[in-house]
$ cat work.pdb   # PDB, C-alpha atoms
ATOM      1  CA  MET A  24      97.977  75.979 137.059
ATOM      2  CA  ASP A  25      97.378  75.748 133.310
ATOM      3  CA  CYS A  26     100.969  75.720 132.012
ATOM      4  CA  GLN A  27     101.936  73.360 129.237
ATOM      5  CA  SER A  28     104.681  70.790 129.751
ATOM      6  CA  SER A  29     106.459  72.192 126.698
ATOM      7  CA  PHE A  30     106.720  75.946 126.885
ATOM      8  CA  LEU A  31     108.158  78.940 125.069
ATOM      9  CA  THR A  32     106.658  78.063 121.729
ATOM     10  CA  GLN A  33     106.254  81.839 121.404
ATOM     11  CA  PRO A  34     108.863  84.549 122.095
ATOM     12  CA  ILE A  35     109.264  85.525 125.743
ATOM     13  CA  ILE A  36     107.239  88.534 126.902
ATOM     14  CA  TYR A  37     109.174  91.343 128.551
ATOM     15  CA  PRO A  38     106.909  93.403 130.834
ATOM     16  CA  GLU A  39     106.758  97.108 130.056
ATOM     17  CA  PRO A  40     109.406  99.416 131.537
ATOM     18  CA  LEU A  41     108.245 101.372 134.573
ATOM     19  CA  ASN A  42     107.700 105.122 134.505
ATOM     20  CA  LYS A  43     108.108 107.434 137.474
ATOM     21  CA  GLY A  44     105.028 107.299 139.635
ATOM     22  CA  ASP A  45     104.143 103.711 138.705
ATOM     23  CA  ARG A  46     102.901 101.480 141.512
ATOM     24  CA  ILE A  47     104.887  98.505 142.845
ATOM     25  CA  ALA A  48     103.009  95.904 144.908
ATOM     26  CA  LEU A  49     104.828  94.339 147.866
ATOM     27  CA  ILE A  50     103.866  90.762 148.675
ATOM     28  CA  SER A  51     105.184  88.169 151.142
ATOM     29  CA  PRO A  52     104.578  84.836 149.403
ATOM     30  CA  ALA A  53     106.799  82.748 151.669
ATOM     31  CA  SER A  54     108.312  83.249 155.140
ATOM     32  CA  GLU A  55     107.637  85.913 157.754
ATOM     33  CA  VAL A  56     109.529  89.163 157.161
ATOM     34  CA  LYS A  57     110.612  91.884 159.584
ATOM     35  CA  ALA A  58     108.478  95.008 159.424
ATOM     36  CA  GLU A  59     111.500  97.320 159.381
ATOM     37  CA  TYR A  60     112.739  95.677 156.190
ATOM     38  CA  VAL A  61     109.391  96.131 154.490
ATOM     39  CA  TYR A  62     108.983  99.762 155.479
ATOM     40  CA  GLY A  63     112.617 100.451 154.612
ATOM     41  CA  ALA A  64     112.098  98.946 151.164
ATOM     42  CA  MET A  65     108.984 101.064 150.661
ATOM     43  CA  GLN A  66     110.979 104.170 151.520
ATOM     44  CA  ARG A  67     113.668 103.197 149.019
ATOM     45  CA  ILE A  68     111.071 102.610 146.305
ATOM     46  CA  MET A  69     109.699 106.101 146.888
ATOM     47  CA  GLU A  70     113.201 107.579 146.712
ATOM     48  CA  PHE A  71     113.518 106.156 143.198
ATOM     49  CA  GLY A  72     110.267 107.782 142.135
ATOM     50  CA  TYR A  73     107.814 104.878 142.353
ATOM     51  CA  GLU A  74     104.740 104.312 144.514
ATOM     52  CA  PRO A  75     104.890 101.263 146.816
ATOM     53  CA  GLU A  76     101.671  99.479 147.737
ATOM     54  CA  LEU A  77     101.764  97.039 150.665
ATOM     55  CA  MET A  78      99.355  94.205 149.949
ATOM     56  CA  PRO A  79      96.878  93.355 152.743
ATOM     57  CA  TYR A  80      98.536  90.152 153.979
ATOM     58  CA  ALA A  81     102.197  91.013 153.371
ATOM     59  CA  LEU A  82     102.807  92.004 156.982
ATOM     60  CA  GLY A  83     101.279  91.253 160.367
ATOM     61  CA  HIS A  84      99.339  88.068 159.578
ATOM     62  CA  VAL A  85     101.993  85.514 160.580
ATOM     63  CA  SER A  86     100.979  81.852 160.368
ATOM     64  CA  GLY A  87     103.662  79.628 161.873
ATOM     65  CA  SER A  88     106.851  80.416 159.935
ATOM     66  CA  PHE A  89     104.850  81.844 157.021
ATOM     67  CA  ALA A  90     104.086  85.509 156.447
ATOM     68  CA  ALA A  91     100.376  84.619 156.359
ATOM     69  CA  SER A  92      98.174  81.621 155.666
ATOM     70  CA  LYS A  93      98.383  79.980 152.272
ATOM     71  CA  ALA A  94      94.992  81.399 151.312
ATOM     72  CA  GLU A  95      95.995  84.915 152.357
ATOM     73  CA  ARG A  96      99.334  84.790 150.542
ATOM     74  CA  LEU A  97      97.557  83.496 147.469
ATOM     75  CA  MET A  98      95.011  86.326 147.585
ATOM     76  CA  ASP A  99      97.787  88.904 147.675
ATOM     77  CA  ILE A 100      99.674  87.574 144.668
ATOM     78  CA  VAL A 101      96.501  87.027 142.627
ATOM     79  CA  GLU A 102      95.406  90.604 143.310
ATOM     80  CA  ALA A 103      98.875  91.936 142.470
ATOM     81  CA  LEU A 104      98.908  90.005 139.197
ATOM     82  CA  ASP A 105      95.356  90.839 138.209
ATOM     83  CA  ASN A 106      95.334  94.548 139.063
ATOM     84  CA  GLN A 107      96.567  96.526 136.075
ATOM     85  CA  ASP A 108      97.493  99.458 138.321
ATOM     86  CA  TYR A 109     100.509  97.514 139.578
ATOM     87  CA  LYS A 110     103.442  97.530 137.163
ATOM     88  CA  ALA A 111     105.816  95.365 139.229
ATOM     89  CA  ILE A 112     105.655  92.966 142.186
ATOM     90  CA  LEU A 113     108.393  93.007 144.821
ATOM     91  CA  CYS A 114     108.574  89.907 146.992
ATOM     92  CA  THR A 115     109.655  90.983 150.462
ATOM     93  CA  ARG A 116     111.440  87.761 151.424
ATOM     94  CA  GLY A 117     112.099  84.178 150.407
ATOM     95  CA  GLY A 118     112.484  81.421 152.986
ATOM     96  CA  TYR A 119     109.879  78.790 152.163
ATOM     97  CA  GLY A 120     106.297  78.758 150.915
ATOM     98  CA  CYS A 121     106.073  79.776 147.265
ATOM     99  CA  CYS A 122     105.561  76.240 145.990
ATOM    100  CA  GLN A 123     102.337  76.035 148.025
ATOM    101  CA  LEU A 124     100.817  78.759 145.853
ATOM    102  CA  ILE A 125     101.752  77.445 142.418
ATOM    103  CA  PRO A 126      98.893  74.919 141.915
ATOM    104  CA  ASN A 127      96.402  77.796 142.253
ATOM    105  CA  LEU A 128      98.209  80.296 140.027
ATOM    106  CA  PRO A 129      97.154  79.968 136.375
ATOM    107  CA  CYS A 130      99.803  80.828 133.808
ATOM    108  CA  SER A 131      97.107  82.688 131.880
ATOM    109  CA  LEU A 132      96.828  85.163 134.772
ATOM    110  CA  ILE A 133     100.563  85.905 134.480
ATOM    111  CA  SER A 134     100.704  86.203 130.708
ATOM    112  CA  LYS A 135      97.531  88.248 130.159
ATOM    113  CA  ASN A 136      98.843  91.168 132.241
ATOM    114  CA  PRO A 137     102.655  90.825 132.311
ATOM    115  CA  LYS A 138     104.518  92.717 135.021
ATOM    116  CA  TRP A 139     107.945  92.410 136.601
ATOM    117  CA  LEU A 140     108.279  89.904 139.434
ATOM    118  CA  ILE A 141     111.245  90.757 141.694
ATOM    119  CA  GLY A 142     112.957  88.410 144.153
ATOM    120  CA  PHE A 143     115.287  85.443 144.616
ATOM    121  CA  SER A 144     115.888  82.404 146.840
ATOM    122  CA  ASP A 145     112.499  80.666 147.377
ATOM    123  CA  ILE A 146     111.027  83.105 144.845
ATOM    124  CA  SER A 147     112.785  80.935 142.239
ATOM    125  CA  ALA A 148     109.650  78.770 142.250
ATOM    126  CA  LEU A 149     107.611  81.771 141.098
ATOM    127  CA  HIS A 150     110.283  82.677 138.543
ATOM    128  CA  ALA A 151     109.921  79.168 137.120
ATOM    129  CA  LEU A 152     106.171  79.690 136.890
ATOM    130  CA  PHE A 153     106.649  83.035 135.145
ATOM    131  CA  TYR A 154     109.105  81.527 132.663
ATOM    132  CA  SER A 155     106.703  78.663 131.993
ATOM    133  CA  SER A 156     104.043  81.302 131.343
ATOM    134  CA  GLY A 157     106.310  82.949 128.782
ATOM    135  CA  VAL A 158     107.047  86.043 130.894
ATOM    136  CA  ALA A 159     110.500  87.330 131.893
ATOM    137  CA  SER A 160     111.184  88.178 135.551
ATOM    138  CA  LEU A 161     113.907  89.691 137.720
ATOM    139  CA  HIS A 162     116.106  87.542 139.950
ATOM    140  CA  ALA A 163     117.058  90.395 142.256
ATOM    141  CA  PRO A 164     117.421  91.691 145.828
ATOM    142  CA  MET A 165     114.389  91.985 148.078
ATOM    143  CA  ALA A 166     113.227  94.077 151.055
ATOM    144  CA  LYS A 167     116.137  93.470 153.448
ATOM    145  CA  HIS A 168     118.670  94.510 150.847
ATOM    146  CA  LEU A 169     116.764  97.624 149.815
ATOM    147  CA  ALA A 170     116.248  98.625 153.452
ATOM    148  CA  THR A 171     119.752  98.016 154.799
ATOM    149  CA  GLN A 172     122.043  98.870 151.898
ATOM    150  CA  PRO A 173     122.715 102.507 150.908
ATOM    151  CA  ALA A 174     120.796 104.156 148.089
ATOM    152  CA  ASP A 175     123.887 104.050 145.882
ATOM    153  CA  ASP A 176     124.378 100.307 146.391
ATOM    154  CA  PRO A 177     125.280  98.868 142.959
ATOM    155  CA  CYS A 178     122.658  96.118 143.106
ATOM    156  CA  THR A 179     119.909  98.535 144.108
ATOM    157  CA  LEU A 180     120.918 100.928 141.337
ATOM    158  CA  ALA A 181     120.990  98.082 138.827
ATOM    159  CA  LEU A 182     117.536  96.869 139.886
ATOM    160  CA  PHE A 183     115.820 100.225 139.445
ATOM    161  CA  LYS A 184     117.687 100.843 136.213
ATOM    162  CA  MET A 185     116.406  97.514 134.877
ATOM    163  CA  LEU A 186     112.848  98.318 135.936
ATOM    164  CA  GLY A 187     113.105 101.503 133.884
ATOM    165  CA  ASN A 188     114.731  99.992 130.804
ATOM    166  CA  GLY A 189     112.733  96.788 130.424
ATOM    167  CA  GLY A 190     115.125  94.357 132.123
ATOM    168  CA  ARG A 191     118.304  95.105 130.195
ATOM    169  CA  PHE A 192     121.697  94.729 131.874
ATOM    170  CA  ASP A 193     125.398  94.676 131.045
ATOM    171  CA  TYR A 194     127.990  93.393 133.543
ATOM    172  CA  THR A 195     131.762  93.128 133.191
ATOM    173  CA  LEU A 196     133.551  91.403 136.069
ATOM    174  CA  PRO A 197     137.015  89.999 136.857
ATOM    175  CA  SER A 198     137.610  86.409 135.846
ATOM    176  CA  HIS A 199     138.092  83.500 138.261
ATOM    177  CA  LYS A 200     140.932  80.976 138.175
ATOM    178  CA  TYR A 201     138.524  78.104 137.436
ATOM    179  CA  ASN A 202     136.639  79.854 134.625
ATOM    180  CA  ASN A 203     136.514  78.209 131.243
ATOM    181  CA  PRO A 204     136.878  80.733 128.390
ATOM    182  CA  GLY A 205     134.379  80.922 125.581
ATOM    183  CA  LYS A 206     131.662  82.983 123.981
ATOM    184  CA  THR A 207     128.026  82.071 123.486
ATOM    185  CA  SER A 208     124.466  83.345 123.554
ATOM    186  CA  GLY A 209     121.192  81.884 124.721
ATOM    187  CA  ILE A 210     118.225  82.199 127.054
ATOM    188  CA  LEU A 211     119.191  82.854 130.683
ATOM    189  CA  LYS A 212     117.503  80.554 133.190
ATOM    190  CA  GLY A 213     118.227  79.575 136.769
ATOM    191  CA  GLY A 214     118.055  80.722 140.367
ATOM    192  CA  ASN A 215     118.138  78.863 143.662
ATOM    193  CA  MET A 216     119.462  75.407 142.924
ATOM    194  CA  ALA A 217     117.581  73.453 145.598
ATOM    195  CA  VAL A 218     114.240  75.103 144.822
ATOM    196  CA  LEU A 219     114.537  74.522 141.090
ATOM    197  CA  THR A 220     115.741  70.940 141.530
ATOM    198  CA  ASP A 221     112.682  70.212 143.662
ATOM    199  CA  LEU A 222     110.543  71.155 140.639
ATOM    200  CA  ALA A 223     112.031  68.288 138.628
ATOM    201  CA  GLY A 224     109.411  66.432 136.619
ATOM    202  CA  THR A 225     106.762  69.129 137.019
ATOM    203  CA  PRO A 226     105.289  71.223 134.177
ATOM    204  CA  ILE A 227     107.496  74.124 135.316
ATOM    205  CA  ASP A 228     110.800  72.202 135.458
ATOM    206  CA  ILE A 229     112.881  74.911 133.788
ATOM    207  CA  LEU A 230     116.186  73.120 134.396
ATOM    208  CA  ASP A 231     115.249  70.366 131.949
ATOM    209  CA  SER A 232     116.343  71.968 128.691
ATOM    210  CA  GLY A 233     114.797  69.058 126.794
ATOM    211  CA  ASN A 234     111.436  70.341 128.059
ATOM    212  CA  ASP A 235     111.956  73.723 126.395
ATOM    213  CA  ASN A 236     110.966  74.670 122.862
ATOM    214  CA  ASN A 237     113.053  77.842 122.616
ATOM    215  CA  LYS A 238     115.480  77.793 119.681
ATOM    216  CA  GLU A 239     118.178  79.936 121.278
ATOM    217  CA  GLY A 240     119.711  77.366 123.602
ATOM    218  CA  VAL A 241     120.128  77.824 127.353
ATOM    219  CA  ILE A 242     122.618  79.442 129.720
ATOM    220  CA  LEU A 243     122.032  78.306 133.313
ATOM    221  CA  PHE A 244     122.933  80.110 136.538
ATOM    222  CA  PHE A 245     122.757  78.727 140.073
ATOM    223  CA  GLU A 246     123.108  79.927 143.656
ATOM    224  CA  ASP A 247     122.261  78.462 147.056
ATOM    225  CA  ILE A 248     122.584  78.809 150.820
ATOM    226  CA  ALA A 249     123.252  76.258 153.578
ATOM    227  CA  GLU A 250     123.288  73.288 151.190
ATOM    228  CA  PRO A 251     125.989  70.687 151.931
ATOM    229  CA  ILE A 252     128.569  70.107 149.219
ATOM    230  CA  TYR A 253     127.367  66.562 148.584
ATOM    231  CA  LYS A 254     123.771  67.706 148.066
ATOM    232  CA  VAL A 255     124.793  70.260 145.443
ATOM    233  CA  ASN A 256     126.835  67.514 143.775
ATOM    234  CA  ARG A 257     123.763  65.265 143.751
ATOM    235  CA  MET A 258     121.625  68.002 142.178
ATOM    236  CA  LEU A 259     124.184  68.402 139.408
ATOM    237  CA  TRP A 260     124.261  64.660 138.784
ATOM    238  CA  ARG A 261     120.495  64.663 138.389
ATOM    239  CA  MET A 262     120.913  67.102 135.515
ATOM    240  CA  ILE A 263     123.567  64.870 133.983
ATOM    241  CA  ILE A 264     121.367  61.792 134.295
ATOM    242  CA  ASN A 265     118.346  63.442 132.671
ATOM    243  CA  GLY A 266     120.538  64.860 129.911
ATOM    244  CA  SER A 267     119.739  68.526 130.469
ATOM    245  CA  LEU A 268     123.134  69.791 131.672
ATOM    246  CA  PRO A 269     125.110  68.462 128.688
ATOM    247  CA  ARG A 270     122.763  70.382 126.370
ATOM    248  CA  VAL A 271     123.363  73.860 127.841
ATOM    249  CA  LYS A 272     125.462  76.499 126.057
ATOM    250  CA  GLY A 273     126.968  78.022 129.199
ATOM    251  CA  ILE A 274     127.006  77.667 132.999
ATOM    252  CA  ILE A 275     127.240  80.397 135.633
ATOM    253  CA  PHE A 276     127.924  79.263 139.190
ATOM    254  CA  GLY A 277     126.935  82.027 141.600
ATOM    255  CA  GLN A 278     127.393  82.255 145.352
ATOM    256  CA  PHE A 279     127.093  79.143 147.532
ATOM    257  CA  THR A 280     127.093  80.314 151.128
ATOM    258  CA  GLU A 281     126.836  78.966 154.696
ATOM    259  CA  TYR A 282     128.078  75.449 154.001
ATOM    260  CA  LYS A 283     130.798  73.343 155.651
ATOM    261  CA  SER A 284     133.802  71.537 154.230
ATOM    262  CA  ASP A 285     133.476  67.771 153.965
ATOM    263  CA  ARG A 286     135.835  64.817 153.591
ATOM    264  CA  ASN A 287     135.887  65.164 149.816
ATOM    265  CA  PHE A 288     136.236  68.913 149.235
ATOM    266  CA  ASP A 289     137.287  71.907 151.292
ATOM    267  CA  THR A 290     135.211  74.331 149.257
ATOM    268  CA  MET A 291     132.126  74.272 147.066
ATOM    269  CA  GLU A 292     134.108  75.745 144.182
ATOM    270  CA  GLU A 293     136.564  72.825 144.299
ATOM    271  CA  MET A 294     133.667  70.377 144.045
ATOM    272  CA  LEU A 295     132.067  72.316 141.186
ATOM    273  CA  PHE A 296     135.342  72.450 139.269
ATOM    274  CA  ASP A 297     135.964  68.742 139.831
ATOM    275  CA  PHE A 298     132.414  67.887 138.753
ATOM    276  CA  VAL A 299     132.650  69.935 135.555
ATOM    277  CA  SER A 300     136.081  68.500 134.747
ATOM    278  CA  HIS A 301     134.747  64.948 134.843
ATOM    279  CA  THR A 302     131.327  65.387 133.254
ATOM    280  CA  ILE A 303     131.380  68.222 130.713
ATOM    281  CA  THR A 304     133.615  68.867 127.733
ATOM    282  CA  THR A 305     134.784  72.164 129.172
ATOM    283  CA  SER A 306     136.472  73.313 125.989
ATOM    284  CA  SER A 307     133.060  73.508 124.325
ATOM    285  CA  ILE A 308     131.221  76.014 126.525
ATOM    286  CA  PRO A 309     132.029  79.024 128.732
ATOM    287  CA  ILE A 310     131.775  78.323 132.466
ATOM    288  CA  VAL A 311     131.862  80.954 135.205
ATOM    289  CA  TYR A 312     132.578  80.488 138.907
ATOM    290  CA  ASN A 313     131.911  82.845 141.833
ATOM    291  CA  PHE A 314     129.537  85.116 139.921
ATOM    292  CA  PRO A 315     128.020  87.738 142.276
ATOM    293  CA  VAL A 316     124.472  86.422 142.474
ATOM    294  CA  GLY A 317     122.962  84.821 145.566
ATOM    295  CA  HIS A 318     122.653  85.274 149.326
ATOM    296  CA  THR A 319     125.299  87.970 149.604
ATOM    297  CA  ASP A 320     125.337  91.761 149.694
ATOM    298  CA  LEU A 321     126.590  91.753 146.105
ATOM    299  CA  ASN A 322     123.630  90.123 144.377
ATOM    300  CA  LEU A 323     123.429  91.481 140.848
ATOM    301  CA  PRO A 324     119.952  91.467 139.282
ATOM    302  CA  LEU A 325     119.470  89.121 136.313
ATOM    303  CA  THR A 326     116.559  88.812 133.892
ATOM    304  CA  ILE A 327     115.284  85.250 133.768
ATOM    305  CA  GLY A 328     114.060  84.405 130.285
ATOM    306  CA  ALA A 329     116.177  87.063 128.596
ATOM    307  CA  LYS A 330     118.338  86.434 125.587
ATOM    308  CA  VAL A 331     121.895  87.120 126.729
ATOM    309  CA  GLU A 332     125.466  87.009 125.523
ATOM    310  CA  LEU A 333     128.173  85.485 127.711
ATOM    311  CA  GLU A 334     131.877  86.009 126.984
ATOM    312  CA  VAL A 335     134.547  84.592 129.279
ATOM    313  CA  THR A 336     138.250  85.375 128.822
ATOM    314  CA  ASP A 337     141.294  84.801 130.996
ATOM    315  CA  THR A 338     140.862  88.266 132.518
ATOM    316  CA  GLU A 339     137.150  89.071 132.578
ATOM    317  CA  VAL A 340     133.543  87.918 132.307
ATOM    318  CA  ARG A 341     130.957  89.873 130.367
ATOM    319  CA  LEU A 342     127.275  89.004 130.665
ATOM    320  CA  ARG A 343     124.792  91.243 128.928
ATOM    321  CA  SER A 344     121.232  91.157 127.665
ATOM    322  CA  SER A 345     120.817  91.148 123.890
ATOM    323  CA  PHE A 346     117.108  91.673 123.265
TER     324      PHE A 346
END

$ encode --input "work.pdb" --output "structure tokens"
Amino acid sequence: MDCQSSFLTQPIIYPEPLNKGDRIALISPASEVKAEYVYGAMQRIMEFGYEPELMPYALGHVSGSFAASKAERLMDIVEALDNQDYKAILCTRGGYGCCQLIPNLPCSLISKNPKWLIGFSDISALHALFYSSGVASLHAPMAKHLATQPADDPCTLALFKMLGNGGRFDYTLPSHKYNNPGKTSGILKGGNMAVLTDLAGTPIDILDSGNDNNKEGVILFFEDIAEPIYKVNRMLWRMIINGSLPRVKGIIFGQFTEYKSDRNFDTMEEMLFDFVSHTITTSSIPIVYNFPVGHTDLNLPLTIGAKVELEVTDTEVRLRSSF
């Protein structure tokens, strides 16, 4: 890995929009994935006019809980990045394993031949690497979603639309009772909260806004699954202690799923609202709760690294790209 500790001294690179017939490489950089999801996703890709290419170790080379050995998973992603015939890379599944590949993935390989990386959950580690390399990427549904949701699913439609238009999006959604109104713009960063927090102090710690040379300011979004309320609270306090959270221009809390109530809070949203109320001058920045991004069927694609505009009113939330 040859990333610099201070990144984005140059404008972010947006990979080229895809044209019909372009090839999309499917890789499994983390946990084992069901074959029916992979083949279903390939069928969906073809329905939208693109050519899927299953990389050699994406399926059928299971190593413990991983889709393949570390060396095999690394070979697949290096080939997908290096081969100019591939215009996008779809990660079939998250789970765990992406961080094992990062020390052997040079940022120069990502930036010399930019292409869209697609995925979420554990793929957030690769998104952080892409951002640190100066390349935008798509926090978006993966193989299971493409295979099991209908062709007219709004997230699937949004994903393929973004692949064709260079990552642009425009969402208007109902407001939430906890939302804090406001309007701002900045660079959109974020993803899986636990994965990104575990990158703290590394050269690709994208949550530390003091480690970022972009002049636009930052809007952060988070989602997670099966994390206890107290652990999410602790992650947020880390960002208060290192000074990064008070510097952001907006916060988007996505879906936090498969957790249990505890003695302090019945719901994750109650904890988040309480945390914000006691740590951030809420009148100064827009804050969104329950945004549809995360481990749910409604998982709207977002472009990490994109310049965006966020407007929150008492009745609606509008988040749109502005590049």

$ resolve_selection --input "work.pdb" --expression "the PyMOL selection byres ((chain A and resi 37) around 6)" --output "VMD selection string"
chain A and resid 36 38 159

$ residues_around --input "work.pdb" --residues "stretch 90-98 of chain A" --least-positions-apart "2" --cutoff "12 Å" --atoms "only C-alpha atoms" --output "PDB file with C-alpha atoms, in the frame of the given file"
ATOM      1  CA  LEU A  49     104.828  94.339 147.866  1.00  0.00           C
ATOM      2  CA  ILE A  50     103.866  90.762 148.675  1.00  0.00           C
ATOM      3  CA  SER A  51     105.184  88.169 151.142  1.00  0.00           C
ATOM      4  CA  PRO A  52     104.578  84.836 149.403  1.00  0.00           C
ATOM      5  CA  ALA A  53     106.799  82.748 151.669  1.00  0.00           C
ATOM      6  CA  SER A  54     108.312  83.249 155.140  1.00  0.00           C
ATOM      7  CA  GLU A  55     107.637  85.913 157.754  1.00  0.00           C
ATOM      8  CA  VAL A  56     109.529  89.163 157.161  1.00  0.00           C
ATOM      9  CA  LYS A  57     110.612  91.884 159.584  1.00  0.00           C
ATOM     10  CA  ALA A  58     108.478  95.008 159.424  1.00  0.00           C
ATOM     11  CA  MET A  78      99.355  94.205 149.949  1.00  0.00           C
ATOM     12  CA  PRO A  79      96.878  93.355 152.743  1.00  0.00           C
ATOM     13  CA  TYR A  80      98.536  90.152 153.979  1.00  0.00           C
ATOM     14  CA  ALA A  81     102.197  91.013 153.371  1.00  0.00           C
ATOM     15  CA  LEU A  82     102.807  92.004 156.982  1.00  0.00           C
ATOM     16  CA  GLY A  83     101.279  91.253 160.367  1.00  0.00           C
ATOM     17  CA  HIS A  84      99.339  88.068 159.578  1.00  0.00           C
ATOM     18  CA  VAL A  85     101.993  85.514 160.580  1.00  0.00           C
ATOM     19  CA  SER A  86     100.979  81.852 160.368  1.00  0.00           C
ATOM     20  CA  GLY A  87     103.662  79.628 161.873  1.00  0.00           C
ATOM     21  CA  SER A  88     106.851  80.416 159.935  1.00  0.00           C
ATOM     22  CA  ILE A 100      99.674  87.574 144.668  1.00  0.00           C
ATOM     23  CA  VAL A 101      96.501  87.027 142.627  1.00  0.00           C
ATOM     24  CA  GLU A 102      95.406  90.604 143.310  1.00  0.00           C
ATOM     25  CA  ALA A 103      98.875  91.936 142.470  1.00  0.00           C
ATOM     26  CA  LEU A 104      98.908  90.005 139.197  1.00  0.00           C
ATOM     27  CA  ASP A 105      95.356  90.839 138.209  1.00  0.00           C
ATOM     28  CA  ASN A 106      95.334  94.548 139.063  1.00  0.00           C
ATOM     29  CA  CYS A 114     108.574  89.907 146.992  1.00  0.00           C
ATOM     30  CA  THR A 115     109.655  90.983 150.462  1.00  0.00           C
ATOM     31  CA  ARG A 116     111.440  87.761 151.424  1.00  0.00           C
ATOM     32  CA  GLY A 117     112.099  84.178 150.407  1.00  0.00           C
ATOM     33  CA  GLY A 118     112.484  81.421 152.986  1.00  0.00           C
ATOM     34  CA  TYR A 119     109.879  78.790 152.163  1.00  0.00           C
ATOM     35  CA  GLY A 120     106.297  78.758 150.915  1.00  0.00           C
ATOM     36  CA  CYS A 121     106.073  79.776 147.265  1.00  0.00           C
ATOM     37  CA  CYS A 122     105.561  76.240 145.990  1.00  0.00           C
ATOM     38  CA  GLN A 123     102.337  76.035 148.025  1.00  0.00           C
ATOM     39  CA  LEU A 124     100.817  78.759 145.853  1.00  0.00           C
ATOM     40  CA  ILE A 125     101.752  77.445 142.418  1.00  0.00           C
ATOM     41  CA  PRO A 126      98.893  74.919 141.915  1.00  0.00           C
ATOM     42  CA  ASN A 127      96.402  77.796 142.253  1.00  0.00           C
ATOM     43  CA  LEU A 128      98.209  80.296 140.027  1.00  0.00           C
ATOM     44  CA  PRO A 129      97.154  79.968 136.375  1.00  0.00           C
TER      45      PRO A 129
END

$ closest_residue --input "work.pdb" --among "A:Ile242, A:Cys130, A:Leu113, A:Val335" --to "A:Lys200" --atoms "all atoms listed in the file"
A:Val335

$ resolve_selection --input "work.pdb" --expression "the PyMOL selection byres ((chain A and resi 329) around 8)" --output "list in words"
Ile35, Ala159, Ile210, Leu211, Thr326, Ile327, Gly328, Lys330, Val331, Ser344, Ser345 and Phe346 of chain A

$ residues_near_point --input "work.pdb" --point "(130.7, 82.4, 148.0)" --cutoff "9 Å" --atoms "only C-alpha atoms" --output "number ranges by chain"
A: 277-281, 291-292, 313-315, 317-319

$ closest_residue --input "work.pdb" --among "A:Glu239, A:Asp145, A:Asp99, A:Asp108" --to "A:Thr207" --atoms "only C-alpha atoms"
A:Glu239

$ resolve_selection --input "work.pdb" --expression "the PyMOL selection byres ((chain A and resi 272) around 6)" --output "number ranges by chain"
A: 241-242, 271, 273, 308

$ atom_distance --input "work.pdb" --atom1 "atom CA of A:Gly157" --atom2 "atom CA of A:Tyr109"
19.0 Å

$ atom_distance --input "work.pdb" --atom1 "atom CA of A:Val158" --atom2 "atom CA of A:Ala111"
12.6 Å
